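Reproduced below: entry_14.txt, with compact mmCIF, C-alpha atoms and all ligand atoms.
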# COMPACT_ATOMS: atom_id res chain seq x y z
CA MET A 1 -180.11 -95.20 -37.67
CA GLU A 2 -179.86 -94.98 -41.43
CA MET A 3 -183.21 -94.59 -43.13
CA ARG A 4 -183.72 -97.39 -45.63
CA LEU A 5 -186.27 -96.73 -48.31
CA GLY A 6 -187.52 -99.36 -50.72
CA TRP A 7 -186.04 -100.13 -54.12
CA LEU A 8 -188.43 -97.80 -55.92
CA ALA A 9 -187.03 -94.78 -54.10
CA ASP A 10 -183.72 -95.35 -55.92
CA VAL A 11 -185.21 -96.29 -59.26
CA ILE A 12 -187.61 -93.45 -59.71
CA ASP A 13 -186.18 -90.15 -60.89
CA ASP A 14 -187.68 -86.70 -61.11
CA SER A 15 -189.44 -85.98 -64.34
CA PRO A 16 -186.66 -84.13 -66.23
CA THR A 17 -189.15 -81.76 -67.77
CA LEU A 18 -190.42 -80.76 -64.35
CA LYS A 19 -186.85 -80.46 -63.04
CA LEU A 20 -185.88 -78.00 -65.76
CA ASP A 21 -189.18 -76.22 -65.47
CA GLY A 22 -188.40 -75.83 -61.76
CA GLN A 23 -184.97 -74.32 -62.49
CA ALA A 24 -186.50 -71.92 -64.98
CA LYS A 25 -189.20 -70.90 -62.51
CA GLN A 26 -186.60 -70.25 -59.81
CA LEU A 27 -184.76 -67.91 -62.15
CA LEU A 28 -188.04 -66.23 -63.06
CA ALA A 29 -188.83 -65.74 -59.38
CA ARG A 30 -185.50 -63.94 -59.05
CA GLY A 31 -186.67 -61.59 -61.76
CA GLU A 32 -184.54 -63.07 -64.57
CA PRO A 33 -186.06 -62.70 -68.06
CA VAL A 34 -186.37 -66.43 -68.68
CA ILE A 35 -188.28 -67.83 -71.62
CA ASN A 36 -189.52 -71.19 -70.49
CA LEU A 37 -190.14 -73.66 -73.30
CA THR A 38 -189.78 -76.75 -71.13
CA VAL A 39 -193.16 -77.76 -69.98
CA GLY A 40 -195.99 -79.30 -71.92
CA GLU A 41 -198.95 -77.20 -71.02
CA PRO A 42 -201.06 -74.75 -72.96
CA ASP A 43 -200.66 -71.14 -71.89
CA PHE A 44 -204.35 -70.49 -72.58
CA ASP A 45 -206.99 -70.33 -69.92
CA THR A 46 -209.61 -73.03 -69.58
CA PRO A 47 -212.74 -72.18 -71.63
CA LEU A 48 -215.07 -69.86 -69.73
CA ARG A 49 -218.05 -72.22 -69.69
CA ILE A 50 -216.00 -74.86 -67.90
CA ARG A 51 -214.80 -72.36 -65.31
CA GLU A 52 -218.36 -71.14 -64.79
CA ALA A 53 -219.56 -74.70 -64.32
CA ALA A 54 -216.88 -75.17 -61.65
CA HIS A 55 -218.15 -72.06 -59.84
CA ARG A 56 -221.68 -73.41 -59.97
CA ALA A 57 -220.59 -76.80 -58.65
CA LEU A 58 -218.84 -75.12 -55.76
CA ASP A 59 -221.84 -72.95 -54.93
CA GLU A 60 -224.39 -75.72 -55.22
CA GLY A 61 -222.46 -78.02 -52.88
CA GLY A 62 -222.91 -81.77 -52.82
CA ASN A 63 -219.26 -82.28 -53.54
CA GLY A 64 -218.61 -85.45 -51.64
CA TYR A 65 -216.99 -88.52 -53.12
CA THR A 66 -218.23 -89.74 -56.47
CA ALA A 67 -218.01 -93.32 -57.70
CA SER A 68 -214.33 -94.19 -58.14
CA ALA A 69 -214.64 -94.54 -61.91
CA GLY A 70 -216.19 -91.09 -62.16
CA LEU A 71 -219.57 -89.35 -62.11
CA PRO A 72 -222.02 -91.55 -64.02
CA ALA A 73 -223.14 -88.52 -66.06
CA LEU A 74 -219.54 -87.77 -67.05
CA ARG A 75 -218.80 -91.36 -68.00
CA ARG A 76 -221.92 -91.30 -70.15
CA LYS A 77 -220.84 -88.07 -71.88
CA VAL A 78 -217.36 -89.44 -72.50
CA ALA A 79 -218.82 -92.70 -73.84
CA ASP A 80 -221.16 -90.85 -76.22
CA TYR A 81 -218.56 -88.33 -77.38
CA TYR A 82 -215.90 -90.96 -78.09
CA ALA A 83 -218.38 -93.40 -79.61
CA ALA A 84 -218.99 -90.76 -82.27
CA ARG A 85 -215.32 -89.92 -82.58
CA LEU A 86 -213.98 -93.46 -82.63
CA GLY A 87 -216.83 -94.89 -84.65
CA VAL A 88 -217.61 -97.74 -82.26
CA ALA A 89 -220.33 -98.21 -79.65
CA ILE A 90 -219.00 -97.38 -76.18
CA SER A 91 -220.89 -97.92 -72.94
CA PRO A 92 -220.22 -95.91 -69.75
CA GLY A 93 -218.87 -99.14 -68.23
CA GLU A 94 -216.03 -98.96 -70.73
CA VAL A 95 -214.93 -95.55 -69.45
CA ILE A 96 -212.91 -94.48 -66.41
CA VAL A 97 -212.15 -90.95 -65.26
CA SER A 98 -208.76 -90.62 -63.56
CA ASN A 99 -206.35 -87.93 -62.43
CA GLY A 100 -205.08 -87.03 -65.85
CA ALA A 101 -203.98 -89.28 -68.68
CA LYS A 102 -201.00 -90.09 -66.49
CA GLN A 103 -203.11 -92.00 -63.99
CA ILE A 104 -205.02 -93.72 -66.77
CA LEU A 105 -201.69 -95.05 -68.03
CA TYR A 106 -200.54 -96.08 -64.60
CA ASN A 107 -203.83 -97.80 -63.81
CA ALA A 108 -203.75 -99.60 -67.13
CA LEU A 109 -200.13 -100.72 -66.92
CA SER A 110 -200.69 -101.81 -63.31
CA ILE A 111 -203.53 -104.14 -64.14
CA LEU A 112 -201.92 -105.47 -67.32
CA LEU A 113 -198.36 -106.17 -66.27
CA ASN A 114 -196.79 -108.83 -64.16
CA GLN A 115 -193.28 -108.44 -62.79
CA GLY A 116 -190.75 -108.95 -65.57
CA ASP A 117 -193.24 -108.41 -68.40
CA GLU A 118 -192.07 -106.36 -71.33
CA VAL A 119 -193.63 -103.29 -72.90
CA ALA A 120 -192.70 -102.16 -76.40
CA VAL A 121 -192.29 -98.40 -76.60
CA PRO A 122 -191.41 -96.44 -79.75
CA VAL A 123 -188.44 -94.08 -79.54
CA PRO A 124 -188.56 -91.21 -78.77
CA TYR A 125 -190.97 -91.69 -75.90
CA TRP A 126 -192.63 -89.55 -73.31
CA VAL A 127 -190.45 -89.75 -70.18
CA THR A 128 -193.22 -91.11 -67.99
CA TYR A 129 -193.56 -94.38 -69.94
CA PRO A 130 -190.20 -95.85 -68.87
CA ALA A 131 -190.66 -94.54 -65.33
CA GLN A 132 -194.06 -96.21 -64.92
CA ILE A 133 -192.86 -99.42 -66.52
CA ALA A 134 -189.87 -99.52 -64.15
CA ALA A 135 -192.06 -98.77 -61.14
CA LEU A 136 -194.14 -101.83 -62.00
CA ARG A 137 -191.00 -103.99 -62.21
CA ALA A 138 -191.54 -104.54 -65.89
CA ARG A 139 -189.10 -103.90 -68.73
CA MET A 140 -189.20 -101.62 -71.71
CA ILE A 141 -188.38 -102.77 -75.22
CA PRO A 142 -187.38 -99.57 -77.04
CA VAL A 143 -188.53 -99.66 -80.66
CA VAL A 144 -186.30 -97.46 -82.77
CA PRO A 145 -187.78 -96.18 -86.04
CA SER A 146 -185.59 -97.12 -88.98
CA ARG A 147 -186.92 -94.38 -91.25
CA PRO A 148 -186.75 -90.63 -90.74
CA GLY A 149 -190.01 -89.25 -89.36
CA TRP A 150 -190.03 -90.64 -85.83
CA LYS A 151 -192.64 -93.25 -86.65
CA ILE A 152 -192.29 -96.98 -86.23
CA THR A 153 -193.29 -99.62 -88.77
CA PRO A 154 -194.21 -103.29 -88.37
CA GLU A 155 -190.65 -104.13 -89.43
CA ASP A 156 -189.29 -102.01 -86.58
CA LEU A 157 -191.54 -103.86 -84.14
CA GLU A 158 -190.43 -107.18 -85.54
CA ARG A 159 -186.75 -106.23 -85.33
CA ALA A 160 -187.12 -105.10 -81.73
CA GLY A 161 -188.79 -108.37 -80.74
CA ALA A 162 -192.03 -106.65 -79.78
CA GLY A 163 -193.94 -109.88 -80.40
CA ARG A 164 -192.97 -111.13 -76.96
CA ALA A 165 -194.21 -107.96 -75.22
CA LYS A 166 -197.28 -107.87 -73.00
CA ALA A 167 -198.17 -104.40 -74.21
CA LEU A 168 -197.32 -101.81 -76.81
CA ILE A 169 -197.61 -98.10 -76.18
CA LEU A 170 -198.42 -95.91 -79.15
CA ASN A 171 -198.59 -92.14 -78.91
CA THR A 172 -200.07 -90.07 -81.69
CA PRO A 173 -199.55 -87.12 -81.89
CA SER A 174 -196.27 -87.73 -80.14
CA ASN A 175 -194.59 -86.02 -77.28
CA PRO A 176 -191.71 -85.21 -77.87
CA SER A 177 -191.53 -85.52 -81.67
CA GLY A 178 -194.87 -84.09 -82.78
CA ALA A 179 -195.14 -86.99 -85.23
CA VAL A 180 -198.65 -87.99 -86.26
CA TYR A 181 -199.44 -91.43 -87.65
CA THR A 182 -201.43 -91.54 -90.86
CA ARG A 183 -204.30 -93.96 -91.40
CA ALA A 184 -202.15 -96.10 -93.67
CA GLU A 185 -199.35 -96.27 -91.10
CA LEU A 186 -201.77 -97.24 -88.33
CA GLU A 187 -203.38 -99.84 -90.56
CA ALA A 188 -199.97 -101.42 -91.12
CA LEU A 189 -199.28 -101.44 -87.37
CA ALA A 190 -202.72 -102.88 -86.66
CA GLU A 191 -202.00 -105.68 -89.11
CA TYR A 192 -198.87 -106.51 -87.13
CA CYS A 193 -200.82 -106.34 -83.85
CA ARG A 194 -203.33 -108.87 -85.17
CA LYS A 195 -200.49 -111.41 -85.30
CA THR A 196 -199.69 -110.84 -81.62
CA SER A 197 -201.65 -110.99 -78.39
CA PHE A 198 -200.36 -107.86 -76.68
CA PHE A 199 -202.44 -105.01 -75.35
CA ILE A 200 -202.14 -101.67 -77.08
CA LEU A 201 -202.18 -98.53 -75.01
CA THR A 202 -202.85 -95.73 -77.43
CA ASP A 203 -202.03 -92.38 -75.87
CA GLU A 204 -204.07 -89.84 -77.81
CA ILE A 205 -203.98 -87.00 -75.29
CA TYR A 206 -202.97 -84.57 -78.11
CA GLU A 207 -205.77 -85.77 -80.42
CA ASP A 208 -207.11 -82.26 -81.08
CA LEU A 209 -203.74 -80.73 -81.88
CA VAL A 210 -203.06 -82.09 -85.35
CA TYR A 211 -202.06 -79.89 -88.30
CA THR A 212 -202.22 -82.30 -91.23
CA ASP A 213 -205.01 -82.44 -93.80
CA GLU A 214 -205.86 -85.97 -92.77
CA GLY A 215 -206.14 -84.98 -89.10
CA HIS A 216 -205.97 -87.26 -86.10
CA ILE A 217 -206.69 -90.93 -86.73
CA PRO A 218 -207.64 -92.80 -83.57
CA LEU A 219 -206.24 -96.32 -83.50
CA MET A 220 -209.70 -97.64 -82.67
CA THR A 221 -211.06 -96.41 -85.99
CA VAL A 222 -208.61 -98.53 -87.98
CA ALA A 223 -208.75 -101.57 -85.72
CA PRO A 224 -212.18 -101.89 -84.12
CA ASP A 225 -211.68 -105.66 -84.25
CA LEU A 226 -208.87 -105.23 -81.69
CA ARG A 227 -211.01 -103.20 -79.30
CA HIS A 228 -210.77 -105.71 -76.46
CA ARG A 229 -207.00 -105.24 -76.48
CA ILE A 230 -206.95 -101.47 -76.95
CA VAL A 231 -206.82 -99.00 -74.09
CA THR A 232 -207.44 -95.49 -75.38
CA VAL A 233 -205.79 -92.90 -73.17
CA THR A 234 -206.99 -89.34 -73.44
CA GLY A 235 -208.43 -86.48 -71.42
CA LEU A 236 -208.99 -82.76 -71.19
CA SER A 237 -205.51 -81.59 -70.15
CA LYS A 238 -204.05 -80.47 -73.44
CA SER A 239 -206.95 -79.77 -75.80
CA TYR A 240 -209.04 -77.86 -73.28
CA ALA A 241 -206.15 -76.11 -71.49
CA MET A 242 -207.01 -78.00 -68.32
CA THR A 243 -203.68 -79.47 -67.20
CA GLY A 244 -204.20 -78.58 -63.55
CA TRP A 245 -207.74 -79.90 -63.37
CA ARG A 246 -206.51 -83.48 -63.70
CA ILE A 247 -209.17 -84.99 -65.89
CA GLY A 248 -208.07 -88.04 -67.85
CA PHE A 249 -210.25 -90.55 -69.66
CA GLY A 250 -209.56 -94.21 -70.27
CA ILE A 251 -211.64 -96.24 -72.73
CA ALA A 252 -211.20 -99.99 -72.67
CA ASP A 253 -212.85 -103.33 -72.28
CA GLU A 254 -215.22 -103.41 -69.31
CA LYS A 255 -213.15 -106.03 -67.54
CA ALA A 256 -210.03 -103.86 -67.75
CA ILE A 257 -211.96 -100.78 -66.68
CA GLY A 258 -213.32 -102.72 -63.71
CA ALA A 259 -209.83 -103.68 -62.57
CA MET A 260 -208.53 -100.13 -63.12
CA THR A 261 -211.45 -98.82 -61.09
CA ARG A 262 -210.78 -101.19 -58.19
CA LEU A 263 -207.14 -100.14 -58.17
CA GLN A 264 -208.06 -96.47 -58.29
CA SER A 265 -210.57 -96.94 -55.46
CA HIS A 266 -207.62 -97.92 -53.26
CA SER A 267 -205.20 -95.26 -54.46
CA THR A 268 -206.78 -91.89 -55.24
CA SER A 269 -210.52 -92.71 -55.31
CA ASN A 270 -212.40 -90.39 -57.60
CA VAL A 271 -211.07 -87.33 -59.37
CA ASN A 272 -211.93 -84.06 -57.63
CA THR A 273 -215.71 -83.81 -57.79
CA ILE A 274 -215.82 -80.12 -58.75
CA ALA A 275 -213.47 -80.73 -61.67
CA GLN A 276 -215.64 -83.64 -62.80
CA LYS A 277 -218.83 -81.61 -62.63
CA ALA A 278 -217.21 -78.79 -64.59
CA SER A 279 -216.04 -81.32 -67.18
CA LEU A 280 -219.65 -82.18 -67.98
CA VAL A 281 -219.74 -79.10 -70.23
CA ALA A 282 -216.29 -79.63 -71.78
CA PHE A 283 -217.55 -81.20 -75.00
CA ASP A 284 -219.72 -78.12 -75.55
CA CYS A 285 -216.54 -76.07 -75.92
CA ARG A 286 -215.31 -77.42 -79.24
CA ASP A 287 -215.11 -73.92 -80.76
CA GLU A 288 -212.62 -72.89 -78.11
CA VAL A 289 -210.65 -76.11 -78.61
CA GLU A 290 -210.46 -75.45 -82.34
CA ALA A 291 -209.38 -71.85 -81.80
CA MET A 292 -206.56 -72.97 -79.51
CA ALA A 293 -205.48 -75.63 -82.00
CA ALA A 294 -205.37 -72.98 -84.74
CA ALA A 295 -203.20 -70.79 -82.52
CA PHE A 296 -200.80 -73.67 -81.87
CA ARG A 297 -200.57 -74.26 -85.58
CA SER A 298 -199.55 -70.69 -86.36
CA ARG A 299 -197.12 -70.71 -83.46
CA ARG A 300 -195.56 -73.83 -84.87
CA ASP A 301 -195.23 -72.15 -88.25
CA ALA A 302 -193.57 -69.11 -86.68
CA LEU A 303 -191.11 -71.16 -84.65
CA VAL A 304 -190.29 -73.51 -87.50
CA ALA A 305 -189.61 -70.61 -89.88
CA ASP A 306 -187.12 -69.02 -87.47
CA MET A 307 -185.42 -72.18 -86.25
CA ALA A 308 -184.96 -73.53 -89.78
CA THR A 309 -182.27 -70.92 -90.47
CA ILE A 310 -180.12 -71.66 -87.42
CA PRO A 311 -176.87 -73.32 -88.56
CA GLY A 312 -176.20 -76.76 -87.08
CA LEU A 313 -179.83 -77.46 -86.24
CA ARG A 314 -181.98 -80.06 -87.95
CA PHE A 315 -185.56 -81.02 -87.32
CA LEU A 316 -188.71 -82.37 -88.89
CA VAL A 317 -191.71 -80.09 -88.96
CA PRO A 318 -193.99 -81.41 -86.20
CA ASP A 319 -197.46 -82.36 -87.42
CA GLY A 320 -199.12 -82.30 -84.03
CA ALA A 321 -198.96 -81.55 -80.29
CA PHE A 322 -196.89 -78.48 -79.35
CA TYR A 323 -193.30 -79.66 -79.39
CA LEU A 324 -190.40 -79.29 -81.75
CA LEU A 325 -187.68 -81.92 -81.45
CA ALA A 326 -184.41 -80.60 -82.80
CA ASP A 327 -181.31 -82.63 -83.64
CA VAL A 328 -178.42 -80.64 -82.19
CA SER A 329 -175.60 -83.04 -83.06
CA GLY A 330 -174.33 -80.43 -85.51
CA LEU A 331 -173.64 -78.15 -82.56
CA VAL A 332 -172.12 -80.70 -80.20
CA ASP A 333 -168.37 -81.40 -80.14
CA PRO A 334 -168.00 -84.74 -81.99
CA GLU A 335 -165.11 -85.59 -79.66
CA ARG A 336 -167.46 -85.70 -76.68
CA PRO A 337 -170.96 -86.52 -77.84
CA VAL A 338 -172.08 -87.87 -74.45
CA GLY A 339 -174.15 -85.37 -72.54
CA GLY A 340 -174.04 -82.87 -75.39
CA CYS A 341 -177.71 -82.00 -75.23
CA TRP A 342 -177.50 -81.41 -71.47
CA ARG A 343 -174.52 -79.08 -71.96
CA LEU A 344 -176.35 -77.18 -74.67
CA ALA A 345 -179.53 -76.93 -72.58
CA GLU A 346 -177.46 -75.54 -69.71
CA HIS A 347 -175.70 -73.09 -72.02
CA LEU A 348 -179.04 -71.89 -73.41
CA LEU A 349 -180.33 -71.27 -69.90
CA GLN A 350 -177.20 -69.62 -68.59
CA SER A 351 -176.20 -67.50 -71.55
CA GLU A 352 -179.61 -66.60 -72.94
CA MET A 353 -182.14 -67.47 -70.25
CA LEU A 354 -183.85 -69.91 -72.58
CA ALA A 355 -185.14 -73.08 -70.93
CA VAL A 356 -185.62 -76.20 -73.06
CA VAL A 357 -185.47 -79.95 -72.35
CA PRO A 358 -182.62 -82.30 -73.35
CA GLY A 359 -183.69 -85.21 -75.54
CA GLU A 360 -181.78 -87.89 -73.67
CA PRO A 361 -184.58 -88.82 -71.22
CA PHE A 362 -186.88 -89.21 -74.25
CA GLY A 363 -184.44 -91.75 -75.69
CA VAL A 364 -182.86 -89.36 -78.19
CA PRO A 365 -179.48 -88.02 -77.07
CA ASN A 366 -178.21 -85.00 -78.98
CA HIS A 367 -181.68 -83.57 -79.32
CA LEU A 368 -183.55 -80.81 -77.56
CA ARG A 369 -187.29 -80.47 -77.13
CA LEU A 370 -188.86 -77.05 -77.33
CA SER A 371 -192.47 -76.59 -76.33
CA TYR A 372 -194.24 -73.99 -78.45
CA ALA A 373 -197.05 -73.40 -75.98
CA ALA A 374 -196.13 -69.72 -75.88
CA GLY A 375 -197.14 -66.62 -77.83
CA GLU A 376 -195.58 -65.88 -81.22
CA PRO A 377 -193.49 -62.86 -80.07
CA THR A 378 -192.06 -65.03 -77.29
CA LEU A 379 -191.27 -67.80 -79.75
CA ARG A 380 -189.54 -65.37 -82.11
CA GLU A 381 -187.46 -64.04 -79.24
CA ALA A 382 -186.71 -67.64 -78.17
CA ALA A 383 -185.43 -68.47 -81.66
CA ALA A 384 -183.25 -65.34 -81.64
CA ARG A 385 -181.79 -66.37 -78.30
CA PHE A 386 -181.23 -69.89 -79.58
CA ARG A 387 -179.36 -68.53 -82.59
CA ARG A 388 -177.05 -66.44 -80.39
CA ALA A 389 -176.45 -69.26 -77.92
CA ALA A 390 -175.72 -71.74 -80.71
CA ALA A 391 -173.07 -69.36 -82.04
CA THR A 392 -171.32 -69.14 -78.65
CA PHE A 393 -171.68 -72.80 -77.63
CA GLY A 394 -168.34 -74.52 -77.23
CA GLY A 395 -169.75 -77.97 -77.97
C1 LIG A 401 -197.82 -88.08 -74.26
C2 LIG A 401 -198.46 -87.66 -72.99
N1 LIG A 401 -199.34 -88.46 -72.42
C3 LIG A 401 -199.96 -88.12 -71.28
C4 LIG A 401 -199.68 -86.94 -70.65
C5 LIG A 401 -200.34 -86.65 -69.33
O1 LIG A 401 -201.42 -85.89 -69.39
P1 LIG A 401 -202.20 -85.49 -68.06
O2 LIG A 401 -201.73 -84.14 -67.67
O3 LIG A 401 -203.63 -85.55 -68.48
O4 LIG A 401 -201.88 -86.50 -67.01
C6 LIG A 401 -198.77 -86.06 -71.21
C7 LIG A 401 -198.43 -84.79 -70.52
O5 LIG A 401 -197.40 -84.22 -70.68
C8 LIG A 401 -198.13 -86.42 -72.42
O6 LIG A 401 -197.24 -85.63 -72.99
Can the structure in the file be given as structure tokens, please?
Amino acid sequence: MEMRLGWLADVIDDSPTLKLDGQAKQLLARGEPVINLTVGEPDFDTPLRIREAAHRALDEGGNGYTASAGLPALRRKVADYYAARLGVAISPGEVIVSNGAKQILYNALSILLNQGDEVAVPVPYWVTYPAQIAALRARMIPVVPSRPGWKITPEDLERAGAGRAKALILNTPSNPSGAVYTRAELEALAEYCRKTSFFILTDEIYEDLVYTDEGHIPLMTVAPDLRHRIVTVTGLSKSYAMTGWRIGFGIADEKAIGAMTRLQSHSTSNVNTIAQKASLVAFDCRDEVEAMAAAFRSRRDALVADMATIPGLRFLVPDGAFYLLADVSGLVDPERPVGGCWRLAEHLLQSEMLAVVPGEPFGVPNHLRLSYAAGEPTLREAAARFRRAAATFGG
């Protein structure tokens, strides 16, 4: 008898970044000299104090379930740390600990959306947003920025009809563009939001990786009056080189946190107890976080300097995160623009063993995303390979 899965089985696709990462890793396993710039994870190790705390937690035992929303002591630390950072009072009841920022988003969208609701999402977007929205039988309203810089304005939201949305997702610094919203830009967006009733999910998972003088501006700091409609999405994955530990933090109204917690109690329960206990010392490791951010900044500078001289390539210097989003339309055959970035990504992998991600799943065809979470010599070699592959690409 034919196996009949539900509708979601057909709708949901592999994360394209993980797919390409998988291909690159297969080649690596065969001993091929692949440079893998696909995946968004720091190549640093987790700070020593956090690893030591994990050892201690393991040795001391007592690692049964915790409360679904997280260890009370961790929720308290997160509340205190972000109260200082966001400039608003935050109680532990306004915090949830989930399996990465990804689960925070999924929990939040699940409790906010009804079937058929719409979610406004700026283009380009992280690939998981449309996937989660689709899984919840909601619809995405793509909001295309009208100005160069990959940042949306109130006018863009208005033009896209975002006013009818149930939620807006903002992401600063952005994956895949590396764009970082300034205070003035966020203030303008907040002004627009005040005229609407939608929830704002602000994904600030890259908050510590910002290379502008102004630095990261949390949405909450410019719109504390909207706090009951703001869900701040963050965590330890990127800043603390802890992607595999799966520690995400959600900060929101207590009622929303309560609903997210109930949902989580029936899906994954608490985050791994050892990882939570180790995370209690994370905020003591700010020196390490700053050192890693400084390294990402100089890597960005190295990559940007080399890529800027490749003919046919255009890009904006990313202000945050660890991605460079390059417009490759100058390299793609204008007679067949469709699928150009996939063809180029394939050519890069096959001819030069350089793995990058096509922009199409991020909503920007004819672009490629390169992650610069790799050492400077590797990035220089990657740029050299890119230059050679670009010269031999048939379009
Ligand atoms: C914009 C954005 N948000 C959230 C996440 C998920 O982070 P986590 O690993 O904590 O689930 C990522 C990871 O790639 C990301 O790029």
Counting all atoms listed in the file, figure out which residue out of A:Glu60, A:Glu214, A:Asp284, A:Glu204 gets nearest to ligand LIG 401 (chain A).
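For ligand LIG 401 (chain A), the nearest of the given residues is A:Glu204.
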Taking (-170.7, -81.3, -81.3) as a centre in this file's frame and 10 Å as the limit, can you find every polymer residue with an atom that close, using only C-alpha atoms, and give them as a PyMOL selection string?
chain A and resi 312+328-338+340-341+344+366+393-395
Nearby residues (all atoms listed in the file) at most 7 Å from stretch 233-241 of chain A, same-chain spacing under 5 positions excluded, as a PDB file with C-alpha atoms, in the frame of the given file:
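Written out: part_24.pdb:
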ATOM      1  CA  GLU A  41    -198.950 -77.200 -71.020  1.00  0.00           C
ATOM      2  CA  PRO A  42    -201.060 -74.750 -72.960  1.00  0.00           C
ATOM      3  CA  PHE A  44    -204.350 -70.490 -72.580  1.00  0.00           C
ATOM      4  CA  ASP A  45    -206.990 -70.330 -69.920  1.00  0.00           C
ATOM      5  CA  THR A  46    -209.610 -73.030 -69.580  1.00  0.00           C
ATOM      6  CA  PRO A  47    -212.740 -72.180 -71.630  1.00  0.00           C
ATOM      7  CA  GLY A 100    -205.080 -87.030 -65.850  1.00  0.00           C
ATOM      8  CA  ALA A 101    -203.980 -89.280 -68.680  1.00  0.00           C
ATOM      9  CA  ILE A 104    -205.020 -93.720 -66.770  1.00  0.00           C
ATOM     10  CA  LEU A 105    -201.690 -95.050 -68.030  1.00  0.00           C
ATOM     11  CA  LEU A 201    -202.180 -98.530 -75.010  1.00  0.00           C
ATOM     12  CA  THR A 202    -202.850 -95.730 -77.430  1.00  0.00           C
ATOM     13  CA  ASP A 203    -202.030 -92.380 -75.870  1.00  0.00           C
ATOM     14  CA  GLU A 204    -204.070 -89.840 -77.810  1.00  0.00           C
ATOM     15  CA  ILE A 205    -203.980 -87.000 -75.290  1.00  0.00           C
ATOM     16  CA  TYR A 206    -202.970 -84.570 -78.110  1.00  0.00           C
ATOM     17  CA  ASP A 208    -207.110 -82.260 -81.080  1.00  0.00           C
ATOM     18  CA  LEU A 209    -203.740 -80.730 -81.880  1.00  0.00           C
ATOM     19  CA  ARG A 246    -206.510 -83.480 -63.700  1.00  0.00           C
ATOM     20  CA  ILE A 247    -209.170 -84.990 -65.890  1.00  0.00           C
ATOM     21  CA  GLY A 248    -208.070 -88.040 -67.850  1.00  0.00           C
ATOM     22  CA  PHE A 249    -210.250 -90.550 -69.660  1.00  0.00           C
ATOM     23  CA  GLY A 250    -209.560 -94.210 -70.270  1.00  0.00           C
ATOM     24  CA  ILE A 251    -211.640 -96.240 -72.730  1.00  0.00           C
ATOM     25  CA  VAL A 289    -210.650 -76.110 -78.610  1.00  0.00           C
TER      26      VAL A 289
END
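Minimum distance to ligand LIG 401 (chain A) across A:Leu8, A:Ala259, A:Met3, A:Ile169 (counting only C-alpha atoms and all ligand atoms) occurs at A:Ile169.
Candidate residues A:Pro148, A:Pro154, A:Gly116, A:Pro173 were compared for distance to ligand LIG 401 (chain A), and the nearest is A:Pro173, using all atoms listed in the file.
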